[in-house]
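Here is structure-v1.cif, consisting of mmCIF, C-alpha atoms and all ligand atoms:
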```cif
data_work
loop_
_atom_site.group_PDB
_atom_site.id
_atom_site.type_symbol
_atom_site.label_atom_id
_atom_site.label_comp_id
_atom_site.auth_asym_id
_atom_site.auth_seq_id
_atom_site.Cartn_x
_atom_site.Cartn_y
_atom_site.Cartn_z
ATOM 1 C CA MET P 1 18.125 -17.589 -7.327
ATOM 2 C CA ALA P 2 15.100 -16.170 -5.523
ATOM 3 C CA THR P 3 15.702 -13.181 -3.256
ATOM 4 C CA ALA P 4 13.771 -12.617 -0.035
ATOM 5 C CA SER P 5 11.358 -10.270 -1.761
ATOM 6 C CA ALA P 6 10.906 -12.254 -5.003
ATOM 7 C CA TYR P 7 7.259 -12.528 -5.890
ATOM 8 C CA ASP P 8 7.361 -16.317 -6.088
ATOM 9 C CA ASP P 9 8.909 -16.674 -2.645
ATOM 10 C CA ARG P 10 6.517 -15.164 -0.146
ATOM 11 C CA ASP P 11 4.187 -16.250 2.616
ATOM 12 C CA GLY P 12 0.457 -16.192 2.033
ATOM 13 C CA PHE P 13 -2.180 -17.680 -0.226
ATOM 14 C CA ILE P 14 -3.004 -17.437 -3.902
ATOM 15 C CA TRP P 15 -6.344 -18.400 -5.421
ATOM 16 C CA MET P 16 -5.793 -20.709 -8.367
ATOM 17 C CA ASP P 17 -8.465 -22.452 -10.433
ATOM 18 C CA GLY P 18 -10.986 -22.419 -7.596
ATOM 19 C CA ASP P 19 -8.788 -23.119 -4.562
ATOM 20 C CA LEU P 20 -6.700 -21.075 -2.177
ATOM 21 C CA ILE P 21 -3.246 -22.611 -2.181
ATOM 22 C CA GLU P 22 0.042 -21.871 -0.451
ATOM 23 C CA TRP P 23 1.756 -18.897 -2.198
ATOM 24 C CA ARG P 24 4.910 -20.764 -3.240
ATOM 25 C CA SER P 25 2.891 -23.611 -4.792
ATOM 26 C CA ALA P 26 1.113 -21.384 -7.325
ATOM 27 C CA LYS P 27 3.096 -22.668 -10.323
ATOM 28 C CA VAL P 28 2.526 -23.477 -14.005
ATOM 29 C CA HIS P 29 4.268 -25.835 -16.420
ATOM 30 C CA VAL P 30 6.802 -24.485 -18.934
ATOM 31 C CA LEU P 31 4.587 -25.725 -21.804
ATOM 32 C CA THR P 32 1.810 -23.350 -20.778
ATOM 33 C CA HIS P 33 0.342 -21.820 -23.937
ATOM 34 C CA ALA P 34 0.362 -18.284 -22.482
ATOM 35 C CA MET P 35 4.140 -18.411 -21.952
ATOM 36 C CA HIS P 36 4.724 -18.969 -25.645
ATOM 37 C CA TYR P 37 1.876 -17.091 -27.333
ATOM 38 C CA ALA P 38 0.849 -14.346 -24.847
ATOM 39 C CA SER P 39 -2.613 -15.860 -24.356
ATOM 40 C CA ALA P 40 -3.141 -14.074 -21.045
ATOM 41 C CA VAL P 41 -5.313 -11.228 -19.784
ATOM 42 C CA PHE P 42 -5.200 -9.577 -16.396
ATOM 43 C CA GLU P 43 -6.489 -6.906 -14.052
ATOM 44 C CA GLY P 44 -4.720 -4.630 -11.595
ATOM 45 C CA GLU P 45 -6.946 -3.416 -8.784
ATOM 46 C CA ARG P 46 -6.539 -1.644 -5.474
ATOM 47 C CA ALA P 47 -8.317 -2.226 -2.202
ATOM 48 C CA TYR P 48 -8.715 0.615 0.261
ATOM 49 C CA GLY P 49 -9.830 -0.196 3.810
ATOM 50 C CA GLY P 50 -10.737 -3.743 2.752
ATOM 51 C CA ARG P 51 -12.888 -2.668 -0.245
ATOM 52 C CA ILE P 52 -11.674 -3.095 -3.810
ATOM 53 C CA PHE P 53 -12.383 0.127 -5.720
ATOM 54 C CA LYS P 54 -14.630 -0.498 -8.770
ATOM 55 C CA SER P 55 -14.202 -4.217 -8.221
ATOM 56 C CA GLU P 56 -17.065 -5.362 -10.454
ATOM 57 C CA ALA P 57 -15.956 -3.091 -13.311
ATOM 58 C CA HIS P 58 -12.545 -4.771 -13.193
ATOM 59 C CA SER P 59 -14.068 -8.278 -13.159
ATOM 60 C CA GLN P 60 -16.282 -7.331 -16.075
ATOM 61 C CA ARG P 61 -13.300 -5.961 -18.022
ATOM 62 C CA LEU P 62 -11.373 -9.177 -17.397
ATOM 63 C CA LEU P 63 -14.196 -11.188 -18.973
ATOM 64 C CA GLU P 64 -14.323 -8.763 -21.918
ATOM 65 C CA SER P 65 -10.538 -8.995 -22.399
ATOM 66 C CA GLY P 66 -10.790 -12.796 -22.435
ATOM 67 C CA ALA P 67 -13.670 -12.699 -24.928
ATOM 68 C CA ALA P 68 -11.705 -10.302 -27.179
ATOM 69 C CA MET P 69 -8.912 -12.900 -27.313
ATOM 70 C CA ASP P 70 -11.224 -15.832 -28.107
ATOM 71 C CA MET P 71 -10.404 -17.068 -24.643
ATOM 72 C CA PRO P 72 -13.680 -17.431 -22.716
ATOM 73 C CA ILE P 73 -12.980 -17.278 -18.986
ATOM 74 C CA PRO P 74 -14.966 -20.004 -17.195
ATOM 75 C CA TYR P 75 -16.105 -17.805 -14.284
ATOM 76 C CA SER P 76 -18.874 -15.245 -13.799
ATOM 77 C CA VAL P 77 -18.381 -11.742 -12.397
ATOM 78 C CA ASP P 78 -19.847 -12.971 -9.087
ATOM 79 C CA GLN P 79 -17.424 -15.895 -8.956
ATOM 80 C CA ILE P 80 -14.479 -13.587 -9.668
ATOM 81 C CA GLU P 81 -15.709 -11.199 -6.970
ATOM 82 C CA LYS P 82 -15.813 -14.058 -4.475
ATOM 83 C CA ALA P 83 -12.348 -15.270 -5.487
ATOM 84 C CA LYS P 84 -10.925 -11.786 -4.892
ATOM 85 C CA ALA P 85 -12.681 -11.374 -1.538
ATOM 86 C CA ASP P 86 -11.534 -14.833 -0.379
ATOM 87 C CA THR P 87 -7.929 -14.091 -1.373
ATOM 88 C CA MET P 88 -7.924 -10.740 0.440
ATOM 89 C CA ARG P 89 -9.335 -12.381 3.559
ATOM 90 C CA ALA P 90 -6.912 -15.322 3.472
ATOM 91 C CA ASN P 91 -3.985 -12.898 3.340
ATOM 92 C CA GLY P 92 -5.398 -10.564 5.997
ATOM 93 C CA LEU P 93 -5.042 -7.506 3.764
ATOM 94 C CA SER P 94 -7.096 -4.330 3.674
ATOM 95 C CA ASP P 95 -4.951 -1.807 1.739
ATOM 96 C CA ALA P 96 -3.640 -3.884 -1.122
ATOM 97 C CA TYR P 97 -3.018 -4.385 -4.795
ATOM 98 C CA VAL P 98 -5.045 -7.164 -6.405
ATOM 99 C CA ARG P 99 -3.809 -8.983 -9.507
ATOM 100 C CA VAL P 100 -6.215 -11.270 -11.355
ATOM 101 C CA LEU P 101 -4.757 -13.274 -14.235
ATOM 102 C CA ALA P 102 -6.473 -15.575 -16.720
ATOM 103 C CA TRP P 103 -4.458 -17.589 -19.195
ATOM 104 C CA ARG P 104 -4.513 -20.444 -21.640
ATOM 105 C CA GLY P 105 -2.891 -23.358 -19.861
ATOM 106 C CA SER P 106 -1.156 -26.472 -21.103
ATOM 107 C CA GLY P 107 -3.268 -29.173 -22.723
ATOM 108 C CA PRO P 108 -3.530 -31.220 -25.887
ATOM 109 C CA ASP P 109 -2.411 -28.271 -28.068
ATOM 110 C CA MET P 110 1.080 -26.853 -28.145
ATOM 111 C CA GLY P 111 1.041 -24.522 -31.133
ATOM 112 C CA VAL P 112 -0.647 -21.333 -32.220
ATOM 113 C CA ALA P 113 -4.167 -22.783 -32.010
ATOM 114 C CA ALA P 114 -5.078 -23.789 -28.477
ATOM 115 C CA ALA P 115 -8.859 -23.929 -28.241
ATOM 116 C CA ARG P 116 -8.739 -27.298 -26.454
ATOM 117 C CA ASN P 117 -6.422 -26.086 -23.693
ATOM 118 C CA PRO P 118 -8.111 -24.983 -20.450
ATOM 119 C CA VAL P 119 -8.448 -21.296 -19.567
ATOM 120 C CA ARG P 120 -7.133 -20.930 -16.039
ATOM 121 C CA MET P 121 -7.370 -18.142 -13.483
ATOM 122 C CA ALA P 122 -5.435 -16.945 -10.448
ATOM 123 C CA VAL P 123 -5.801 -14.128 -7.917
ATOM 124 C CA ALA P 124 -2.915 -12.749 -5.871
ATOM 125 C CA THR P 125 -2.933 -9.759 -3.517
ATOM 126 C CA TRP P 126 -0.164 -7.904 -1.739
ATOM 127 C CA GLU P 127 0.497 -4.683 0.125
ATOM 128 C CA TRP P 128 1.536 -1.890 -2.186
ATOM 129 C CA GLY P 129 2.281 1.806 -1.849
ATOM 130 C CA ALA P 130 2.668 4.653 -4.362
ATOM 131 C CA TYR P 131 3.575 3.491 -7.882
ATOM 132 C CA TYR P 132 5.848 6.433 -8.684
ATOM 133 C CA GLY P 133 7.382 6.929 -5.221
ATOM 134 C CA ASP P 134 7.682 10.617 -4.311
ATOM 135 C CA ALA P 135 6.366 11.778 -7.721
ATOM 136 C CA LYS P 136 3.046 12.411 -5.961
ATOM 137 C CA MET P 137 4.611 15.587 -4.544
ATOM 138 C CA LYS P 138 7.197 16.624 -7.151
ATOM 139 C CA GLY P 139 5.734 15.461 -10.442
ATOM 140 C CA ALA P 140 6.961 12.388 -12.301
ATOM 141 C CA LYS P 141 9.604 12.617 -15.002
ATOM 142 C CA LEU P 142 8.585 10.881 -18.238
ATOM 143 C CA ASP P 143 10.614 9.833 -21.243
ATOM 144 C CA ILE P 144 9.046 9.747 -24.724
ATOM 145 C CA SER P 145 8.903 6.178 -26.012
ATOM 146 C CA LYS P 146 10.082 5.167 -29.463
ATOM 147 C CA TRP P 147 7.300 2.530 -29.532
ATOM 148 C CA LYS P 148 3.822 3.402 -30.777
ATOM 149 C CA ARG P 149 0.470 2.107 -29.527
ATOM 150 C CA PRO P 150 -0.775 -0.164 -32.322
ATOM 151 C CA SER P 151 -3.854 0.268 -34.472
ATOM 152 C CA PRO P 152 -7.032 -1.531 -33.302
ATOM 153 C CA GLU P 153 -6.906 -3.300 -36.673
ATOM 154 C CA THR P 154 -3.666 -5.036 -35.690
ATOM 155 C CA ILE P 155 -4.461 -6.144 -32.126
ATOM 156 C CA PRO P 156 -7.441 -5.999 -29.727
ATOM 157 C CA SER P 157 -6.174 -2.746 -28.241
ATOM 158 C CA HIS P 158 -8.964 -2.408 -25.656
ATOM 159 C CA ALA P 159 -8.169 -5.722 -24.013
ATOM 160 C CA LYS P 160 -5.915 -5.704 -20.968
ATOM 161 C CA ALA P 161 -3.872 -8.428 -22.577
ATOM 162 C CA ALA P 162 -0.309 -9.507 -21.836
ATOM 163 C CA GLY P 163 0.856 -9.114 -25.458
ATOM 164 C CA LEU P 164 0.097 -5.395 -25.438
ATOM 165 C CA TYR P 165 2.619 -4.908 -22.626
ATOM 166 C CA MET P 166 5.657 -6.072 -24.579
ATOM 167 C CA ILE P 167 6.284 -2.543 -25.899
ATOM 168 C CA CYS P 168 5.387 -1.079 -22.497
ATOM 169 C CA THR P 169 8.086 -3.071 -20.721
ATOM 170 C CA MET P 170 10.687 -2.064 -23.327
ATOM 171 C CA SER P 171 9.594 1.580 -23.115
ATOM 172 C CA LYS P 172 9.748 1.589 -19.343
ATOM 173 C CA HIS P 173 13.164 -0.042 -19.239
ATOM 174 C CA ALA P 174 14.486 2.634 -21.635
ATOM 175 C CA ALA P 175 12.857 5.354 -19.508
ATOM 176 C CA GLU P 176 14.310 4.055 -16.255
ATOM 177 C CA ALA P 177 17.771 3.847 -17.824
ATOM 178 C CA LYS P 178 17.469 7.615 -18.439
ATOM 179 C CA GLY P 179 16.373 8.312 -14.846
ATOM 180 C CA CYS P 180 12.689 8.681 -15.749
ATOM 181 C CA SER P 181 9.881 6.874 -13.964
ATOM 182 C CA ASP P 182 7.751 6.155 -17.050
ATOM 183 C CA ALA P 183 7.375 6.898 -20.749
ATOM 184 C CA LEU P 184 4.699 8.631 -22.772
ATOM 185 C CA MET P 185 3.701 6.655 -25.859
ATOM 186 C CA MET P 186 2.307 8.057 -29.087
ATOM 187 C CA ASP P 187 -0.107 6.010 -31.175
ATOM 188 C CA TYR P 188 0.283 4.575 -34.677
ATOM 189 C CA ARG P 189 -0.956 7.870 -36.167
ATOM 190 C CA GLY P 190 1.456 9.951 -34.106
ATOM 191 C CA TYR P 191 -1.110 11.260 -31.601
ATOM 192 C CA VAL P 192 -0.366 11.340 -27.867
ATOM 193 C CA ALA P 193 -1.746 8.104 -26.390
ATOM 194 C CA GLU P 194 -0.847 7.121 -22.809
ATOM 195 C CA ALA P 195 1.953 6.076 -20.469
ATOM 196 C CA THR P 196 3.021 2.431 -20.182
ATOM 197 C CA GLY P 197 0.432 1.632 -17.514
ATOM 198 C CA ALA P 198 -1.620 4.793 -17.084
ATOM 199 C CA ASN P 199 -3.725 7.330 -18.997
ATOM 200 C CA VAL P 200 -2.694 10.966 -19.373
ATOM 201 C CA PHE P 201 -4.418 14.336 -18.846
ATOM 202 C CA PHE P 202 -3.293 17.898 -19.620
ATOM 203 C CA VAL P 203 -4.453 21.339 -18.458
ATOM 204 C CA ARG P 204 -4.425 24.560 -20.457
ATOM 205 C CA ASP P 205 -6.275 27.766 -19.504
ATOM 206 C CA GLY P 206 -8.370 25.956 -16.892
ATOM 207 C CA LYS P 207 -9.600 23.363 -19.398
ATOM 208 C CA VAL P 208 -8.620 19.677 -19.289
ATOM 209 C CA HIS P 209 -7.571 17.787 -22.419
ATOM 210 C CA THR P 210 -7.100 14.028 -22.675
ATOM 211 C CA PRO P 211 -6.475 11.721 -25.645
ATOM 212 C CA MET P 212 -9.440 9.904 -27.155
ATOM 213 C CA PRO P 213 -9.099 6.231 -26.117
ATOM 214 C CA ASP P 214 -9.647 4.811 -29.593
ATOM 215 C CA CYS P 215 -6.569 2.546 -29.646
ATOM 216 C CA PHE P 216 -5.646 2.066 -25.989
ATOM 217 C CA LEU P 217 -7.221 1.176 -22.666
ATOM 218 C CA ASN P 218 -10.010 3.509 -21.560
ATOM 219 C CA GLY P 219 -8.910 3.137 -17.940
ATOM 220 C CA ILE P 220 -11.393 2.728 -15.134
ATOM 221 C CA THR P 221 -9.519 5.469 -13.240
ATOM 222 C CA ARG P 222 -9.643 7.682 -16.353
ATOM 223 C CA GLN P 223 -13.417 7.282 -16.555
ATOM 224 C CA THR P 224 -13.767 7.902 -12.803
ATOM 225 C CA VAL P 225 -11.658 11.088 -12.939
ATOM 226 C CA ILE P 226 -13.545 12.421 -15.989
ATOM 227 C CA GLY P 227 -16.832 11.858 -14.127
ATOM 228 C CA MET P 228 -15.424 13.582 -11.048
ATOM 229 C CA MET P 229 -14.342 16.625 -13.081
ATOM 230 C CA LYS P 230 -17.698 16.876 -14.836
ATOM 231 C CA ASP P 231 -19.367 16.880 -11.376
ATOM 232 C CA LYS P 232 -17.073 19.733 -10.406
ATOM 233 C CA GLY P 233 -18.056 21.688 -13.527
ATOM 234 C CA ILE P 234 -14.584 21.404 -15.084
ATOM 235 C CA GLU P 235 -14.586 21.227 -18.883
ATOM 236 C CA VAL P 236 -12.934 18.041 -20.185
ATOM 237 C CA VAL P 237 -12.114 17.685 -23.874
ATOM 238 C CA GLU P 238 -11.470 14.156 -25.210
ATOM 239 C CA ARG P 239 -9.723 14.542 -28.531
ATOM 240 C CA HIS P 240 -6.685 13.682 -30.622
ATOM 241 C CA ILE P 241 -3.647 15.531 -29.268
ATOM 242 C CA MET P 242 -0.535 16.172 -31.350
ATOM 243 C CA PRO P 243 2.884 15.872 -29.647
ATOM 244 C CA ASP P 244 3.765 19.482 -30.513
ATOM 245 C CA GLU P 245 0.874 20.597 -28.305
ATOM 246 C CA LEU P 246 2.791 19.408 -25.218
ATOM 247 C CA GLU P 247 4.670 22.719 -25.294
ATOM 248 C CA GLY P 248 1.503 24.700 -24.549
ATOM 249 C CA PHE P 249 0.079 22.632 -21.675
ATOM 250 C CA GLU P 250 0.595 23.977 -18.145
ATOM 251 C CA GLN P 251 -0.192 20.904 -16.040
ATOM 252 C CA CYS P 252 -0.223 17.169 -16.611
ATOM 253 C CA TRP P 253 -1.120 14.082 -14.629
ATOM 254 C CA LEU P 254 -1.465 10.327 -15.069
ATOM 255 C CA THR P 255 -4.365 8.151 -13.964
ATOM 256 C CA GLY P 256 -4.460 4.439 -13.317
ATOM 257 C CA THR P 257 -5.278 1.937 -10.639
ATOM 258 C CA ALA P 258 -1.594 1.716 -9.718
ATOM 259 C CA ALA P 259 -0.708 5.364 -10.484
ATOM 260 C CA GLU P 260 -3.936 6.720 -8.910
ATOM 261 C CA VAL P 261 -3.618 10.436 -9.838
ATOM 262 C CA THR P 262 0.099 11.170 -10.239
ATOM 263 C CA PRO P 263 1.283 14.668 -11.230
ATOM 264 C CA VAL P 264 3.783 14.850 -14.097
ATOM 265 C CA GLY P 265 6.593 17.442 -13.972
ATOM 266 C CA GLU P 266 8.440 16.611 -17.189
ATOM 267 C CA ILE P 267 7.892 14.770 -20.464
ATOM 268 C CA GLY P 268 11.059 14.739 -22.561
ATOM 269 C CA PRO P 269 11.948 18.437 -23.064
ATOM 270 C CA TYR P 270 8.558 19.746 -21.824
ATOM 271 C CA ARG P 271 7.929 21.049 -18.280
ATOM 272 C CA PHE P 272 4.693 21.163 -16.292
ATOM 273 C CA GLU P 273 3.818 22.651 -12.918
ATOM 274 C CA VAL P 274 2.117 20.625 -10.199
ATOM 275 C CA GLY P 275 -0.701 23.157 -10.113
ATOM 276 C CA ALA P 276 -3.841 23.673 -8.033
ATOM 277 C CA LEU P 277 -6.121 21.745 -10.387
ATOM 278 C CA THR P 278 -3.791 18.716 -10.424
ATOM 279 C CA ARG P 279 -3.588 18.729 -6.626
ATOM 280 C CA ASP P 280 -7.359 19.106 -6.323
ATOM 281 C CA ILE P 281 -8.002 16.134 -8.621
ATOM 282 C CA ALA P 282 -5.410 13.989 -6.810
ATOM 283 C CA THR P 283 -6.951 14.804 -3.422
ATOM 284 C CA SER P 284 -10.537 14.295 -4.611
ATOM 285 C CA TYR P 285 -9.614 10.918 -6.110
ATOM 286 C CA GLU P 286 -7.987 9.832 -2.854
ATOM 287 C CA GLN P 287 -11.106 10.833 -0.917
ATOM 288 C CA LEU P 288 -13.322 9.013 -3.403
ATOM 289 C CA VAL P 289 -11.446 5.710 -3.261
ATOM 290 C CA ARG P 290 -11.308 5.843 0.527
ATOM 291 C CA GLY P 291 -15.051 6.492 0.618
ATOM 292 C CA ASN P 292 -14.819 9.696 2.662
ATOM 293 C CA HIS P 293 -16.003 12.177 0.055
HETATM 294 C C1 LIG Q 301 -1.622 0.456 -20.598
HETATM 295 C C2 LIG Q 301 -2.531 0.958 -19.528
HETATM 296 N N1 LIG Q 301 -3.276 2.064 -19.763
HETATM 297 C C3 LIG Q 301 -4.103 2.568 -18.822
HETATM 298 C C4 LIG Q 301 -4.234 1.968 -17.583
HETATM 299 C C5 LIG Q 301 -5.160 2.530 -16.568
HETATM 300 O O1 LIG Q 301 -6.266 1.682 -16.399
HETATM 301 P P1 LIG Q 301 -7.086 1.607 -15.042
HETATM 302 O O2 LIG Q 301 -7.408 3.009 -14.659
HETATM 303 O O3 LIG Q 301 -8.299 0.834 -15.402
HETATM 304 O O4 LIG Q 301 -6.221 0.939 -14.048
HETATM 305 C C6 LIG Q 301 -3.492 0.821 -17.299
HETATM 306 C C7 LIG Q 301 -3.592 0.159 -15.999
HETATM 307 O O5 LIG Q 301 -4.309 -0.780 -15.863
HETATM 308 C C8 LIG Q 301 -2.634 0.296 -18.295
HETATM 309 O O6 LIG Q 301 -1.907 -0.788 -18.054
#
```

Written as structure tokens, how would this file's structure read?
Ligand SMILES: Cc1ncc(COP(=O)(O)O)c(C=O)c1O
Amino acid sequence: MATASAYDDRDGFIWMDGDLIEWRSAKVHVLTHAMHYASAVFEGERAYGGRIFKSEAHSQRLLESGAAMDMPIPYSVDQIEKAKADTMRANGLSDAYVRVLAWRGSGPDMGVAAARNPVRMAVATWEWGAYYGDAKMKGAKLDISKWKRPSPETIPSHAKAAGLYMICTMSKHAAEAKGCSDALMMDYRGYVAEATGANVFFVRDGKVHTPMPDCFLNGITRQTVIGMMKDKGIEVVERHIMPDELEGFEQCWLTGTAAEVTPVGEIGPYRFEVGALTRDIATSYEQLVRGNH
């Protein structure tokens, strides 16, 4: 039974296949291909003061994710931009989360192959605060996941595709059951990769280290924060990081559209301080996204 705050039971409008429709009517049939075979790609974006941060980069990535899945999305970047702006306006939002989803719908095919089924798209937006609650101040507590980020030879690992989140959901459930707010995942080679919905950075002796994104999402926030640090003259090393190096890092933070810049206080048995550099990067990112830098 739907609760008052269930995501399918709210007031407002959702953009679906070209039209703004009443929120509760934005439904799909149970024989939707994506429900059975994970043929879905999506974006998570944030608007600050009515402006979606890096909006076009997100729209572009959505199209690339669709292309990587042999699922051409029948809209241009400009059309996606307009759909997002129209949805924000219809819902009267200015500080909001924006979710764009494209998926293989129902059609003549109901099996693994589905090239004849339409690729559909929807945009929903809602008000949203900090992803990790009060972790912004204290530092988030992370579990270490038993699941590994897969090799790019086994799955299109740079796509923001629904199927890649199966192990993220399981990892995050396990983490939350232990009182953690997220989990750090290693990759198929054993290197440190990322959290379940965010990239990770470490600090040692004033230098910043972050895993090479060669089998996971090179986040738009990650790229923004690396650029910001280079402008500040901070040395950033992108490389393979072994789990036993966690012991020697002094500070750690996560980056992501949802996470923004979130300090990390613990990963499994390892402890980190919410230090001056972490706070500086978090503050600079907030100023950047709000356009008052
Ligand atoms: C698995 C994963 N890694 C990294 C990120 C960070 O990406 P971005 O900064 O583009 O939001 C996200 C969030 O979208 C994610 O889901």

Within 7 Å of (4.4, 12.8, -29.6), only C-alpha atoms: residues as a count of residues only? 7

Got a sec to resolve the PyMOL selection byres (((chain P and resi 289) around 12) and not hetatm) on this structure and send the residues as a PyMOL selection string? chain P and resi 45-55+95+221+224-225+228+257+260-261+282-288+290-293

Report as a ChimeraX atom specification the full result of the PyMOL selection byres (((not hetatm)) within 10 of (chain Q and resi 301)) when it is applied to this structure. /P:42-46,54,57-58,61,149,157-162,164-165,167-168,185,193-200,213,216-225,254-261

Near Gly92 of chain P, within 12 Å and counting all atoms listed in the file, which residues show up once chain neighbours fewer than 5 positions away are dropped, as a list in words?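 After dropping sequence-adjacent residues, the list is Asp11, Gly12, Phe13, Gly49, Gly50, Ala85, Asp86, Thr87, Thr125, Trp126 and Glu127 of chain P.
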
Once you have the residues from the selection above, write them out as a tab-separated table (two decimals), in the frame of the given file, restricted to C-alpha atoms.
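See result.tsv below for the written result:
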```
chain	number	residue	atom	x	y	z
P	11	ASP	CA	4.19	-16.25	2.62
P	12	GLY	CA	0.46	-16.19	2.03
P	13	PHE	CA	-2.18	-17.68	-0.23
P	49	GLY	CA	-9.83	-0.20	3.81
P	50	GLY	CA	-10.74	-3.74	2.75
P	85	ALA	CA	-12.68	-11.37	-1.54
P	86	ASP	CA	-11.53	-14.83	-0.38
P	87	THR	CA	-7.93	-14.09	-1.37
P	125	THR	CA	-2.93	-9.76	-3.52
P	126	TRP	CA	-0.16	-7.90	-1.74
P	127	GLU	CA	0.50	-4.68	0.12
```

Between atom CA of Glu250 of chain P and atom CA of Gly206 of chain P, distance in Å (one decimal): 9.3 Å

Which residues are near segment 277-279 of chain P? Cut-off 8 Å, only C-alpha atoms, ignore same chain within fewer than 2 positions. Put them as a ChimeraX atom specification. /P:251-253,263,274-275,281-283

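Take atom CA of Ile155 of chain P and atom CA of Lys84 of chain P: the distance between them is 28.6 Å.
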
Using only C-alpha atoms, pick whichever of P:Cys215, P:Val264, P:Val30, P:Ala122 has the shortest atom-to-atom distance to Arg189 of chain P.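 Ranking P:Cys215, P:Val264, P:Val30, P:Ala122 by distance to Arg189 of chain P, first place goes to P:Cys215.
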
Can you tell me, as a PyMOL selection string, what residues are no more than 8 Å from Ile234 of chain P when counting only C-alpha atoms, ignoring any on the same chain fewer than 4 positions away? chain P and resi 206-208+229-230

Residues matched by the PyMOL selection byres (((chain P and resi 120) around 6) and not hetatm) as a list in words: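 So the PyMOL selection byres (((chain P and resi 120) around 6) and not hetatm), applied here, picks out Asp17, Ala102, Trp103, Val119 and Met121 of chain P.
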
Give me segment 255-272 of chain P with N, CA and C atoms filled in, as a tab-separated table (two decimals), in the frame of the given file.
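In the end it all went to selection27.tsv:
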```tsv
chain	number	residue	atom	x	y	z
P	255	THR	N	-3.38	8.88	-14.77
P	255	THR	CA	-4.36	8.15	-13.96
P	255	THR	C	-4.24	6.66	-14.22
P	256	GLY	N	-4.45	5.89	-13.19
P	256	GLY	CA	-4.46	4.44	-13.32
P	256	GLY	C	-4.67	3.83	-11.95
P	257	THR	N	-5.07	2.59	-11.92
P	257	THR	CA	-5.28	1.94	-10.64
P	257	THR	C	-4.01	2.00	-9.81
P	258	ALA	N	-2.87	1.69	-10.44
P	258	ALA	CA	-1.59	1.72	-9.72
P	258	ALA	C	-1.15	3.16	-9.49
P	259	ALA	N	-1.20	3.98	-10.55
P	259	ALA	CA	-0.71	5.36	-10.48
P	259	ALA	C	-1.62	6.25	-9.65
P	260	GLU	N	-2.89	5.87	-9.49
P	260	GLU	CA	-3.94	6.72	-8.91
P	260	GLU	C	-3.93	8.03	-9.71
P	261	VAL	N	-3.82	9.20	-9.05
P	261	VAL	CA	-3.62	10.44	-9.84
P	261	VAL	C	-2.21	10.92	-9.51
P	262	THR	N	-1.30	10.80	-10.47
P	262	THR	CA	0.10	11.17	-10.24
P	262	THR	C	0.47	12.39	-11.09
P	263	PRO	N	0.86	13.49	-10.45
P	263	PRO	CA	1.28	14.67	-11.23
P	263	PRO	C	2.53	14.37	-12.06
P	264	VAL	N	2.61	14.99	-13.22
P	264	VAL	CA	3.78	14.85	-14.10
P	264	VAL	C	4.49	16.21	-14.15
P	265	GLY	N	5.80	16.20	-13.94
P	265	GLY	CA	6.59	17.44	-13.97
P	265	GLY	C	7.32	17.64	-15.29
P	266	GLU	N	7.67	16.52	-15.94
P	266	GLU	CA	8.44	16.61	-17.19
P	266	GLU	C	8.06	15.48	-18.13
P	267	ILE	N	7.98	15.81	-19.42
P	267	ILE	CA	7.89	14.77	-20.46
P	267	ILE	C	8.92	15.14	-21.52
P	268	GLY	N	9.98	14.37	-21.63
P	268	GLY	CA	11.06	14.74	-22.56
P	268	GLY	C	11.49	16.17	-22.28
P	269	PRO	N	11.49	17.06	-23.29
P	269	PRO	CA	11.95	18.44	-23.06
P	269	PRO	C	10.88	19.36	-22.47
P	270	TYR	N	9.65	18.87	-22.26
P	270	TYR	CA	8.56	19.75	-21.82
P	270	TYR	C	8.41	19.75	-20.31
P	271	ARG	N	8.06	20.90	-19.74
P	271	ARG	CA	7.93	21.05	-18.28
P	271	ARG	C	6.49	21.41	-17.91
P	272	PHE	N	6.05	20.88	-16.78
P	272	PHE	CA	4.69	21.16	-16.29
P	272	PHE	C	4.77	21.51	-14.81
```
